[in-house]
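S.K.: Below are the structure tokens for one structure; questions will follow.
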Amino acid sequence: MMRRTKNILKQAIIRSLAHPRVCTILNPWTRRLGTVFMMHRFEDPTQGVYGHSVEFVEAVLKRLRRRNYRIVSLRELIDDLNRGASWKGHRVAFTCDDGTYDQAEIAAPLFERYDCPATIFLVTGFMDRVLWPWDDQVAYVLRHTARTSVTIRADSQTLSYDLCTDAQRVLATEDLRLRCKLMTQTEFLAVLDGLSEATGVAIPQSAPCAYAPMTWDDARTLEGTGLFSFAPHSVSHQILTSMSDDQARDEITVSWQRICHELAKPLPVFNFPSGLFGTREVGFVRAAGLSTFVSTVAGYVHCRPNAESADLPWRIDRFNFPETLEDFLQYSTWIEWGKDQLRSRMRNS
Ligand SMILES: [Zn+2]
């Protein structure tokens, strides 16, 4: 009961703070903030796909339009950042990672209905149907195995999971994916090689329907509407930081070349698989002629007029698209910024 009252109070406070009149009052301090949302799968019960709720996304887009938010494309946001253009208010942009079929068939019509631009980051080997992402393969085998427990061996570790319930399978998927991201390339490939045998599930050569990519034709049609842009998210979706120089460079360069070959107006912004990168990878992005990259670090984009550095904006941070309206309001207005300001003042006092 206590928790419920607390939640209702929190919701009421957040909704009041996000009210357009409050945002207008704070505009002199917050008008140069931008929010970029990162989205992944969209729910598709016909294929058993879990993801962003279509109803919730629609409610959010409707609200943004009703309240006259400045919804911009990532291209426009970056152009403004590069120019140091003066902003008149908080901006919101949407991005989708990976290029799965649901983004073309379910998300795109929603975005179109609200005249809302979005940028989709494509895994080009996946689009070309020569591979499908390893993290989806992990999800697929752990979801479909008939075994109630499984042991997976990497070079230096043995991972055991109970798989009696759906919840355990989801947890096992999350844990194994996380561990894979921290492995050396040799260990990682050993795990992938052993997955099929460990689970007794044959991994299809190309993605099953529920994990399928959109087609290049889908991408061209969406690009033609003028609302959607496409940008590279590697060839294979494997972790670049554990690859050799040549492999990591190719993942960036080749994926960009493929997109330039297939589409008319690709966006020169790279998206690192799993958000993992270092100085070396950033150098390869620059060398490939790409202008910047997005991260998976939660945070606002800041427009600084008369940018001191030509490198600005070198990294575009993104908020994970949330599941509740209150979280959405915090990230898409000044509120999360206000909390950060408060926290740093408290630290410094
Ligand atoms: Zn991805």
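Residue numbering restarts at 1 for every chain of the structure tokens, chains are lettered A, B, ... in their displayed order, and ligands are numbered from 1 as they appear.
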Throw together the list of residues within 6 Å of ligand 1, counting only C-alpha atoms and all ligand atoms, and drop it here as a list in words.

M.R.: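 With only C-alpha atoms and all ligand atoms and a cut-off of 6 Å, ligand 1 is contacted by Asp97, Asp98, Pro273 and Ser274 of chain A.
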
S.K.: Could you please take those selected residues and save N, CA, C and O atoms as a PDB file, in the first residue's frame?

M.R.:
```pdb
ATOM      1  N   ASP A  97      18.195  -0.374 -33.419  1.00  0.00           N
ATOM      2  CA  ASP A  97      19.407  -1.138 -33.707  1.00  0.00           C
ATOM      3  C   ASP A  97      19.090  -2.472 -34.367  1.00  0.00           C
ATOM      4  O   ASP A  97      18.106  -3.135 -34.015  1.00  0.00           O
ATOM      5  N   ASP A  98      19.925  -2.854 -35.299  1.00  0.00           N
ATOM      6  CA  ASP A  98      20.032  -4.205 -35.874  1.00  0.00           C
ATOM      7  C   ASP A  98      19.306  -4.419 -37.206  1.00  0.00           C
ATOM      8  O   ASP A  98      19.725  -5.253 -37.989  1.00  0.00           O
ATOM      9  N   PRO A 273      28.718  -2.763 -32.136  1.00  0.00           N
ATOM     10  CA  PRO A 273      27.951  -3.868 -31.540  1.00  0.00           C
ATOM     11  C   PRO A 273      28.160  -3.908 -30.022  1.00  0.00           C
ATOM     12  O   PRO A 273      29.293  -3.772 -29.547  1.00  0.00           O
ATOM     13  N   SER A 274      27.086  -4.058 -29.295  1.00  0.00           N
ATOM     14  CA  SER A 274      27.087  -4.088 -27.831  1.00  0.00           C
ATOM     15  C   SER A 274      27.638  -2.807 -27.218  1.00  0.00           C
ATOM     16  O   SER A 274      27.931  -2.768 -26.024  1.00  0.00           O
TER      17      SER A 274
END
```

S.K.: Could you pull the residues within 12 Å of A:Val297, counting only C-alpha atoms, minus those fewer than 4 positions along the same chain, as an MDAnalysis selection string?

M.R.: chainID A and resid 36:38 271:272 274:277 293 301 315:320

S.K.: Enter the distance from atom CA of A:Phe94 to atom CA of A:Thr35, in Å, rounded to one decimal.

M.R.: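 It comes out at 8.5 Å.
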
S.K.: Neighbouring residues of A:Leu290 were defined as those with any atom within 10 Å, considering only C-alpha atoms; residues of the same chain fewer than 6 positions away were excluded. Please report them as number ranges by chain.

M.R.: A: 231-232, 252-253, 256, 267-270, 282, 284

S.K.: If you keep N, CA, C and O atoms, can you produce a file of those selected residues as a PDB file, in the first residue's frame?

M.R.:
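Wrote it out as result_18.pdb, contents follow:
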```pdb
ATOM      1  N   ALA A 231      22.125   3.509 -41.150  1.00  0.00           N
ATOM      2  CA  ALA A 231      23.527   3.711 -40.804  1.00  0.00           C
ATOM      3  C   ALA A 231      24.131   2.353 -40.408  1.00  0.00           C
ATOM      4  O   ALA A 231      23.401   1.420 -40.076  1.00  0.00           O
ATOM      5  N   PRO A 232      25.473   2.244 -40.456  1.00  0.00           N
ATOM      6  CA  PRO A 232      26.110   0.938 -40.231  1.00  0.00           C
ATOM      7  C   PRO A 232      26.241   0.534 -38.758  1.00  0.00           C
ATOM      8  O   PRO A 232      26.510   1.368 -37.899  1.00  0.00           O
ATOM      9  N   ILE A 252      33.860  -2.225 -39.802  1.00  0.00           N
ATOM     10  CA  ILE A 252      33.391  -0.835 -39.935  1.00  0.00           C
ATOM     11  C   ILE A 252      33.330  -0.425 -41.406  1.00  0.00           C
ATOM     12  O   ILE A 252      32.291   0.019 -41.902  1.00  0.00           O
ATOM     13  N   THR A 253      34.457  -0.625 -42.105  1.00  0.00           N
ATOM     14  CA  THR A 253      34.550  -0.156 -43.492  1.00  0.00           C
ATOM     15  C   THR A 253      33.580  -0.889 -44.408  1.00  0.00           C
ATOM     16  O   THR A 253      32.856  -0.270 -45.200  1.00  0.00           O
ATOM     17  N   TRP A 256      29.880  -0.037 -43.886  1.00  0.00           N
ATOM     18  CA  TRP A 256      29.576   1.294 -44.430  1.00  0.00           C
ATOM     19  C   TRP A 256      29.495   1.234 -45.959  1.00  0.00           C
ATOM     20  O   TRP A 256      28.574   1.783 -46.574  1.00  0.00           O
ATOM     21  N   LEU A 267      23.459   7.424 -43.559  1.00  0.00           N
ATOM     22  CA  LEU A 267      23.944   8.360 -42.538  1.00  0.00           C
ATOM     23  C   LEU A 267      25.323   7.885 -42.053  1.00  0.00           C
ATOM     24  O   LEU A 267      25.455   6.748 -41.577  1.00  0.00           O
ATOM     25  N   PRO A 268      26.359   8.741 -42.154  1.00  0.00           N
ATOM     26  CA  PRO A 268      27.712   8.301 -41.790  1.00  0.00           C
ATOM     27  C   PRO A 268      27.969   8.299 -40.285  1.00  0.00           C
ATOM     28  O   PRO A 268      28.820   9.017 -39.767  1.00  0.00           O
ATOM     29  N   VAL A 269      27.195   7.487 -39.597  1.00  0.00           N
ATOM     30  CA  VAL A 269      27.310   7.399 -38.135  1.00  0.00           C
ATOM     31  C   VAL A 269      27.395   5.923 -37.776  1.00  0.00           C
ATOM     32  O   VAL A 269      26.530   5.140 -38.163  1.00  0.00           O
ATOM     33  N   PHE A 270      28.458   5.536 -37.056  1.00  0.00           N
ATOM     34  CA  PHE A 270      28.628   4.117 -36.750  1.00  0.00           C
ATOM     35  C   PHE A 270      28.022   3.774 -35.390  1.00  0.00           C
ATOM     36  O   PHE A 270      27.954   4.618 -34.495  1.00  0.00           O
ATOM     37  N   VAL A 282      37.553   3.812 -32.606  1.00  0.00           N
ATOM     38  CA  VAL A 282      37.164   5.181 -32.964  1.00  0.00           C
ATOM     39  C   VAL A 282      38.036   5.665 -34.132  1.00  0.00           C
ATOM     40  O   VAL A 282      37.553   6.297 -35.073  1.00  0.00           O
ATOM     41  N   PHE A 284      39.343   3.775 -36.439  1.00  0.00           N
ATOM     42  CA  PHE A 284      38.872   3.112 -37.669  1.00  0.00           C
ATOM     43  C   PHE A 284      37.613   3.787 -38.206  1.00  0.00           C
ATOM     44  O   PHE A 284      37.419   3.871 -39.419  1.00  0.00           O
TER      45      PHE A 284
END
```

S.K.: Neighbouring residues of A:Phe42 were defined as those with any atom within 12 Å, considering only C-alpha atoms; residues of the same chain fewer than 2 positions away were excluded. Please report them as number ranges by chain.

M.R.: A: 39-40, 44-58, 96-110, 210-211, 321

S.K.: Can you pull out every residue from stretch 91-326 of chain A that DSSP, working from the backbone, puts in strand (DSSP E or B), and format the result as number ranges by chain?

M.R.: A: 91-98, 100, 118-122, 149-153, 158-162, 213, 228-232, 269-271, 292-294, 301-302, 315-316, 319-320

S.K.: Could you please determine the separation between atom CA of A:Leu195 and atom CA of A:Asp175 in Å, to one decimal place?

M.R.: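 Pair atom CA of A:Leu195 / atom CA of A:Asp175 returns 14.2 Å.
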
S.K.: Quick one: contact table of stretch 237-334 of chain A to stretch 338-344 of chain A, 12 Å max, nearest atom pair and distance in Å to one decimal per residue, counting only C-alpha atoms, chain and number order, as CSV?

M.R.:
```
residue,atom,partner,partner_atom,distance
A:Gly299,CA,A:Asp340,CA,10.0
A:Tyr300,CA,A:Asp340,CA,10.7
A:Gln330,CA,A:Lys339,CA,9.3
A:Tyr331,CA,A:Gly338,CA,10.5
A:Thr333,CA,A:Gly338,CA,9.5
A:Trp334,CA,A:Gly338,CA,6.1
```

S.K.: Using N, CA and C atoms, can you write the selected residues to a file as a compact mmCIF listing (two decimals), in the first residue's frame?

M.R.:
```txt
# COMPACT_ATOMS: atom_id res chain seq x y z
N GLY A 299 22.54 9.05 -21.60
CA GLY A 299 22.84 10.46 -21.36
C GLY A 299 22.27 11.34 -22.45
N TYR A 300 22.23 12.64 -22.17
CA TYR A 300 21.72 13.61 -23.13
C TYR A 300 22.79 13.95 -24.16
N GLN A 330 11.05 11.59 -17.96
CA GLN A 330 12.31 12.05 -17.35
C GLN A 330 13.38 12.24 -18.41
N TYR A 331 13.50 11.26 -19.32
CA TYR A 331 14.58 11.32 -20.31
C TYR A 331 14.29 12.30 -21.45
N THR A 333 12.62 15.09 -21.31
CA THR A 333 12.55 16.50 -20.89
C THR A 333 13.80 16.81 -20.06
N TRP A 334 13.75 17.87 -19.30
CA TRP A 334 14.91 18.33 -18.53
C TRP A 334 15.11 17.53 -17.23
```

S.K.: Identify which of the residues A:Glu281, A:Asp193, A:Glu326, A:Glu223 lies closest to A:Leu263, counting only C-alpha atoms when measuring atom-to-atom distances.

M.R.: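 With only C-alpha atoms as the atom set, the closest residue is A:Glu223.
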
S.K.: Could you list, as a ChimeraX atom specification, every residue within 6 Å of A:Pro117, counting only C-alpha atoms and ignoring same-chain residues fewer than 4 positions away?

M.R.: /A:73,227-228

S.K.: Do you have the atom CA of A:Tyr140-atom CA of A:Ala190 distance handy?

M.R.: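 We find that atom CA of A:Tyr140 and atom CA of A:Ala190 lie 17.5 Å from each other.
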
S.K.: Tell me, as a ChimeraX atom specification, which residues lie within 9 Å of A:Gly89, counting only C-alpha atoms; anything in the same chain fewer than 6 positions away does not count.

M.R.: /A:23-24,27-28,30-34,69-70

S.K.: Return as CSV the residues of stretch 181-278 of chain A lying at most 12 Å from stretch 122-127 of chain A, together with the closest atom-to-atom pair for each and the distance in Å to one decimal, counting only C-alpha atoms, with rows in chain order and ascending residue number.

M.R.:
```
residue,atom,partner,partner_atom,distance
A:Gln205,CA,A:Phe126,CA,11.2
A:Ser206,CA,A:Phe126,CA,8.6
A:Ala207,CA,A:Phe126,CA,8.3
A:Pro208,CA,A:Phe126,CA,11.9
A:Tyr211,CA,A:Phe126,CA,10.1
A:Ala212,CA,A:Phe126,CA,8.3
A:Pro213,CA,A:Met127,CA,5.8
A:Met214,CA,A:Met127,CA,6.8
A:Thr215,CA,A:Met127,CA,6.3
A:Trp216,CA,A:Met127,CA,6.8
A:Asp217,CA,A:Met127,CA,10.3
A:Asp218,CA,A:Met127,CA,10.5
A:Ala219,CA,A:Leu122,CA,9.5
A:Ser229,CA,A:Leu122,CA,10.3
A:Phe230,CA,A:Leu122,CA,6.8
A:Ala231,CA,A:Leu122,CA,6.2
A:Pro232,CA,A:Leu122,CA,5.2
A:His233,CA,A:Val123,CA,5.0
A:Ser234,CA,A:Val123,CA,5.3
A:Val235,CA,A:Gly125,CA,4.7
A:Ser236,CA,A:Gly125,CA,5.6
A:His237,CA,A:Val123,CA,6.3
A:Gln238,CA,A:Val123,CA,9.9
A:Asp250,CA,A:Thr124,CA,11.8
A:Glu251,CA,A:Thr124,CA,9.3
A:Ile252,CA,A:Thr124,CA,10.2
A:Thr253,CA,A:Thr124,CA,11.1
A:Val254,CA,A:Thr124,CA,8.4
A:Ser255,CA,A:Thr124,CA,5.5
A:Trp256,CA,A:Thr124,CA,8.5
A:Gln257,CA,A:Thr124,CA,9.5
A:Arg258,CA,A:Thr124,CA,6.8
A:Ile259,CA,A:Thr124,CA,7.4
A:Cys260,CA,A:Thr124,CA,10.9
A:His261,CA,A:Thr124,CA,11.1
A:Glu262,CA,A:Thr124,CA,10.2
A:Leu263,CA,A:Leu122,CA,11.6
A:Pro266,CA,A:Leu122,CA,10.6
A:Leu267,CA,A:Leu122,CA,11.0
A:Val269,CA,A:Leu122,CA,11.1
A:Phe270,CA,A:Leu122,CA,9.7
A:Asn271,CA,A:Leu122,CA,8.9
A:Phe272,CA,A:Val123,CA,10.2
A:Pro273,CA,A:Val123,CA,8.9
```

S.K.: So, with only C-alpha atoms as the atoms that count, which of A:Gly226, A:Leu163, A:Ile13, A:Ile203 lies closest to A:Leu131?

M.R.: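 Among A:Gly226, A:Leu163, A:Ile13, A:Ile203, it is A:Ile203 that comes nearest to A:Leu131.
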
S.K.: Residues of stretch 94-308 of chain A in helix (DSSP H, G or I) according to DSSP, as a count of residues only?

M.R.: 105

S.K.: From the set A:Thr199, A:Asn348, A:Ser156, A:Gln168, which residue has the shortest atom-to-atom contact distance to A:Thr184, counting only C-alpha atoms?

M.R.: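 That would be A:Ser156, the residue with the smallest distance to A:Thr184.
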